[in-house]
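Below you'll find the structure, written out as structure tokens, and then a few comments.
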Amino acid sequence: MGILNLTPDSFYESSRVNTLGSILSKSRQMISEGADFLDLGGYSTRPGATDISIQEEIDRVAPAIEIIRYEFPHIPLSVDTFRSKVALEAVNAGATLVNDISAGELDPDMLPTIARLGVPYIAMHMKGNPQNMQSLSDYSDICVEILHYFAEKVDLFTKLGIKDVIIDPGFGFAKTTEQNFFLLKNLRSFEIFGLPLLVGISRKSMIYKTLQSSAAEALNGTTALNMVALMQGANLLRVHDVKEAKETINLYEQLYP
């Protein structure tokens, strides 16, 4: 899954695309490098990110989805949003799945909207919101708490008739660097749900802080940990760098055909 940030303030500067020309160019590059999905976000969810209006988020994502859908009709498009109105407008514009960092926690209308739309749904674990999540990283047992969180969510999704659910442990969201590595090491715990597992660690602070570098210098570390994620049961990698991730997947499949 290739990341397209339609924002001026996402944490990795090179992932930002703000014109229709750059959106198409980046999409073309990622598709040519082997992306199976493109994930478009119009609201920066980095720690402490600025809040924006629903309409501004729609104005960022809907035209981008429409032009990508027109130019590349066969590529599945995901909208990265926790707002039901944005999800609805994005699906109407041509998005084929919804990627929600809050698993319905930040908008009470999100889950009924997903059920009504009948689209696949990526549900991520997070506590709080992007503005305060980094102060909410206290857990008695992080794996047990997140497993319990998803057990309740999956039960709710089933009751609402939401199908094709993908779960995401939420690396970097209300979690310390040490907790992120512990989760990665114990990723197979989430296989208990029998659902596809998405891992999004691309260029995140768990990598560059550990290596004392920066997001711009975190590609090698990302590649190393993406291989670990695959070996621990990840089914989808959400990445800024498609070519390197695709090579990692190809090598993994050669090791474990």
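By convention here, the chains of the structure tokens are called A, B, ... in the order presented, each chain's residues are numbered starting at 1, and ligands are numbered starting at 1 in the order presented.
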
Check: Can you list, as a list in words, every residue of region 146-196 of chain A that DSSP puts in strand (DSSP E)?
Finding: Val165, Ile166, Ile167 and Asp168 of chain A

Closest contacts (region 160-200 of chain A/region 229-248 of chain A, max 7 Å, only C-alpha atoms) as JSON lines:
```
{"residue": "A:Leu184", "atom": "CA", "partner": "A:Ala229", "partner_atom": "CA", "distance": 6.6}
{"residue": "A:Leu187", "atom": "CA", "partner": "A:Gln232", "partner_atom": "CA", "distance": 5.6}
{"residue": "A:Arg188", "atom": "CA", "partner": "A:Gln232", "partner_atom": "CA", "distance": 5.6}
{"residue": "A:Pro196", "atom": "CA", "partner": "A:Asn235", "partner_atom": "CA", "distance": 5.8}
{"residue": "A:Leu197", "atom": "CA", "partner": "A:Asn235", "partner_atom": "CA", "distance": 5.2}
{"residue": "A:Leu198", "atom": "CA", "partner": "A:Leu236", "partner_atom": "CA", "distance": 4.6}
{"residue": "A:Val199", "atom": "CA", "partner": "A:Leu237", "partner_atom": "CA", "distance": 5.2}
{"residue": "A:Gly200", "atom": "CA", "partner": "A:Arg238", "partner_atom": "CA", "distance": 4.8}
```

I need the residues from that last selection saved to file as a CSV table (one decimal), in the first residue's frame (with all heavy atoms), if you can.
```
chain,number,residue,atom,x,y,z
A,184,LEU,N,5.8,-5.4,17.5
A,184,LEU,CA,6.4,-6.0,16.3
A,184,LEU,C,6.8,-7.4,16.6
A,184,LEU,O,6.6,-8.3,15.8
A,184,LEU,CB,7.5,-5.1,15.7
A,184,LEU,CG,8.1,-5.6,14.4
A,184,LEU,CD1,7.0,-5.6,13.3
A,184,LEU,CD2,9.3,-4.6,14.0
A,187,LEU,N,3.8,-9.7,16.9
A,187,LEU,CA,2.7,-9.5,16.0
A,187,LEU,C,1.8,-10.7,15.7
A,187,LEU,O,0.6,-10.6,15.4
A,187,LEU,CB,3.4,-9.1,14.6
A,187,LEU,CG,2.6,-8.2,13.7
A,187,LEU,CD1,2.1,-6.9,14.3
A,187,LEU,CD2,3.4,-7.9,12.4
A,188,ARG,N,2.4,-11.9,15.8
A,188,ARG,CA,1.6,-13.1,15.5
A,188,ARG,C,0.4,-13.3,16.5
A,188,ARG,O,-0.5,-14.1,16.3
A,188,ARG,CB,2.5,-14.3,15.5
A,188,ARG,CG,3.3,-14.4,14.3
A,188,ARG,CD,3.8,-15.8,13.9
A,188,ARG,NE,4.5,-15.8,12.7
A,188,ARG,CZ,4.0,-15.9,11.5
A,188,ARG,NH1,2.7,-16.0,11.4
A,188,ARG,NH2,4.8,-15.9,10.4
A,196,PRO,N,-6.8,-10.2,7.9
A,196,PRO,CA,-5.6,-9.6,7.4
A,196,PRO,C,-5.0,-8.6,8.3
A,196,PRO,O,-5.8,-7.8,8.9
A,196,PRO,CB,-6.0,-9.0,6.0
A,196,PRO,CG,-7.3,-9.7,5.7
A,196,PRO,CD,-7.9,-10.0,7.0
A,197,LEU,N,-3.7,-8.5,8.4
A,197,LEU,CA,-3.0,-7.7,9.3
A,197,LEU,C,-2.1,-6.6,8.5
A,197,LEU,O,-1.3,-7.0,7.7
A,197,LEU,CB,-2.1,-8.5,10.2
A,197,LEU,CG,-1.3,-7.8,11.3
A,197,LEU,CD1,-2.2,-7.1,12.3
A,197,LEU,CD2,-0.4,-8.8,12.0
A,198,LEU,N,-2.4,-5.4,8.7
A,198,LEU,CA,-1.7,-4.3,8.1
A,198,LEU,C,-0.6,-3.8,9.1
A,198,LEU,O,-0.9,-3.5,10.2
A,198,LEU,CB,-2.6,-3.2,7.6
A,198,LEU,CG,-2.0,-2.0,6.9
A,198,LEU,CD1,-2.9,-1.4,5.8
A,198,LEU,CD2,-1.5,-0.9,7.8
A,199,VAL,N,0.6,-3.5,8.6
A,199,VAL,CA,1.6,-2.9,9.4
A,199,VAL,C,2.1,-1.6,8.7
A,199,VAL,O,2.5,-1.7,7.5
A,199,VAL,CB,2.8,-3.9,9.6
A,199,VAL,CG1,4.0,-3.2,10.1
A,199,VAL,CG2,2.4,-5.0,10.5
A,200,GLY,N,2.1,-0.6,9.4
A,200,GLY,CA,2.6,0.7,8.9
A,200,GLY,C,3.7,1.3,9.8
A,200,GLY,O,3.4,2.0,10.8
```

Item checked: All alpha helix (DSSP H) positions in region 60-207 of chain A, as a PyMOL selection string -> chain A and resi 60-71+84-93+110-117+142-160+177-185+205-207

With a distance cut-off of 9 Å and only C-alpha atoms, select the neighbouring residues of region 201-218 of chain A, excluding the residue or stretch itself and same-chain residues fewer than 4 positions from it, and output the selection as a PDB file with N, CA and C atoms, in the first residue's frame.
```
ATOM      1  N   PHE A  11       4.602  14.011   8.455  1.00  0.00           N
ATOM      2  CA  PHE A  11       5.927  13.990   9.081  1.00  0.00           C
ATOM      3  C   PHE A  11       7.062  13.747   8.096  1.00  0.00           C
ATOM      4  N   TYR A  12       6.797  13.045   6.994  1.00  0.00           N
ATOM      5  CA  TYR A  12       7.849  12.774   6.005  1.00  0.00           C
ATOM      6  C   TYR A  12       7.599  13.661   4.792  1.00  0.00           C
ATOM      7  N   GLU A  13       8.426  14.665   4.634  1.00  0.00           N
ATOM      8  CA  GLU A  13       8.182  15.716   3.652  1.00  0.00           C
ATOM      9  C   GLU A  13       8.028  15.185   2.230  1.00  0.00           C
ATOM     10  N   SER A  14       8.814  14.196   1.855  1.00  0.00           N
ATOM     11  CA  SER A  14       8.792  13.694   0.475  1.00  0.00           C
ATOM     12  C   SER A  14       7.516  12.928   0.137  1.00  0.00           C
ATOM     13  N   GLY A 170      -1.420  -0.193  14.910  1.00  0.00           N
ATOM     14  CA  GLY A 170      -1.230   1.234  15.141  1.00  0.00           C
ATOM     15  C   GLY A 170       0.144   1.613  15.660  1.00  0.00           C
ATOM     16  N   PHE A 171       1.169   1.181  14.961  1.00  0.00           N
ATOM     17  CA  PHE A 171       2.532   1.534  15.368  1.00  0.00           C
ATOM     18  C   PHE A 171       2.701   3.060  15.394  1.00  0.00           C
ATOM     19  N   GLY A 172       3.201   3.561  16.533  1.00  0.00           N
ATOM     20  CA  GLY A 172       3.453   4.992  16.665  1.00  0.00           C
ATOM     21  C   GLY A 172       2.275   5.792  17.179  1.00  0.00           C
ATOM     22  N   THR A 176       5.053   4.109  22.860  1.00  0.00           N
ATOM     23  CA  THR A 176       6.462   4.509  22.906  1.00  0.00           C
ATOM     24  C   THR A 176       7.274   3.663  21.927  1.00  0.00           C
ATOM     25  N   THR A 177       8.507   4.067  21.708  1.00  0.00           N
ATOM     26  CA  THR A 177       9.395   3.297  20.834  1.00  0.00           C
ATOM     27  C   THR A 177       9.533   1.863  21.338  1.00  0.00           C
ATOM     28  N   GLU A 178       9.724   1.694  22.634  1.00  0.00           N
ATOM     29  CA  GLU A 178       9.888   0.352  23.206  1.00  0.00           C
ATOM     30  C   GLU A 178       8.619  -0.475  23.004  1.00  0.00           C
ATOM     31  N   ASN A 180       6.423  -0.109  20.605  1.00  0.00           N
ATOM     32  CA  ASN A 180       6.327  -0.434  19.177  1.00  0.00           C
ATOM     33  C   ASN A 180       7.157  -1.674  18.840  1.00  0.00           C
ATOM     34  N   PHE A 181       8.354  -1.742  19.365  1.00  0.00           N
ATOM     35  CA  PHE A 181       9.199  -2.909  19.083  1.00  0.00           C
ATOM     36  C   PHE A 181       8.646  -4.170  19.746  1.00  0.00           C
ATOM     37  N   THR A 222      13.501   0.986   7.659  1.00  0.00           N
ATOM     38  CA  THR A 222      12.139   0.583   7.298  1.00  0.00           C
ATOM     39  C   THR A 222      12.151  -0.761   6.592  1.00  0.00           C
ATOM     40  N   THR A 223      13.062  -0.923   5.643  1.00  0.00           N
ATOM     41  CA  THR A 223      13.159  -2.176   4.898  1.00  0.00           C
ATOM     42  C   THR A 223      13.467  -3.347   5.830  1.00  0.00           C
ATOM     43  N   LEU A 225      12.807  -3.629   9.053  1.00  0.00           N
ATOM     44  CA  LEU A 225      11.675  -3.971   9.921  1.00  0.00           C
ATOM     45  C   LEU A 225      10.467  -4.450   9.136  1.00  0.00           C
ATOM     46  N   ASN A 226      10.334  -4.040   7.872  1.00  0.00           N
ATOM     47  CA  ASN A 226       9.264  -4.602   7.042  1.00  0.00           C
ATOM     48  C   ASN A 226       9.464  -6.098   6.842  1.00  0.00           C
ATOM     49  N   LEU A 237       1.762  -4.165   3.819  1.00  0.00           N
ATOM     50  CA  LEU A 237       2.721  -3.159   4.265  1.00  0.00           C
ATOM     51  C   LEU A 237       2.288  -1.802   3.728  1.00  0.00           C
ATOM     52  N   ARG A 238       2.113  -0.848   4.610  1.00  0.00           N
ATOM     53  CA  ARG A 238       1.770   0.525   4.204  1.00  0.00           C
ATOM     54  C   ARG A 238       3.068   1.322   4.200  1.00  0.00           C
ATOM     55  N   VAL A 239       3.467   1.819   3.010  1.00  0.00           N
ATOM     56  CA  VAL A 239       4.829   2.340   2.863  1.00  0.00           C
ATOM     57  C   VAL A 239       4.885   3.624   2.041  1.00  0.00           C
ATOM     58  N   HIS A 240       5.959   4.379   2.273  1.00  0.00           N
ATOM     59  CA  HIS A 240       6.265   5.529   1.435  1.00  0.00           C
ATOM     60  C   HIS A 240       7.061   5.112   0.200  1.00  0.00           C
ATOM     61  N   ASP A 241       7.799   4.013   0.300  1.00  0.00           N
ATOM     62  CA  ASP A 241       8.753   3.598  -0.734  1.00  0.00           C
ATOM     63  C   ASP A 241       8.345   2.233  -1.271  1.00  0.00           C
TER      64      ASP A 241
END
```

Notebook entry, point to check: Which one is closest to Asp164 (chain A): A:Pro120, A:Pro73, A:Gly194, A:Pro130? Count only C-alpha atoms.
Noted result: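 Once distances to Asp164 (chain A) are computed over only C-alpha atoms, the minimum belongs to A:Pro120.
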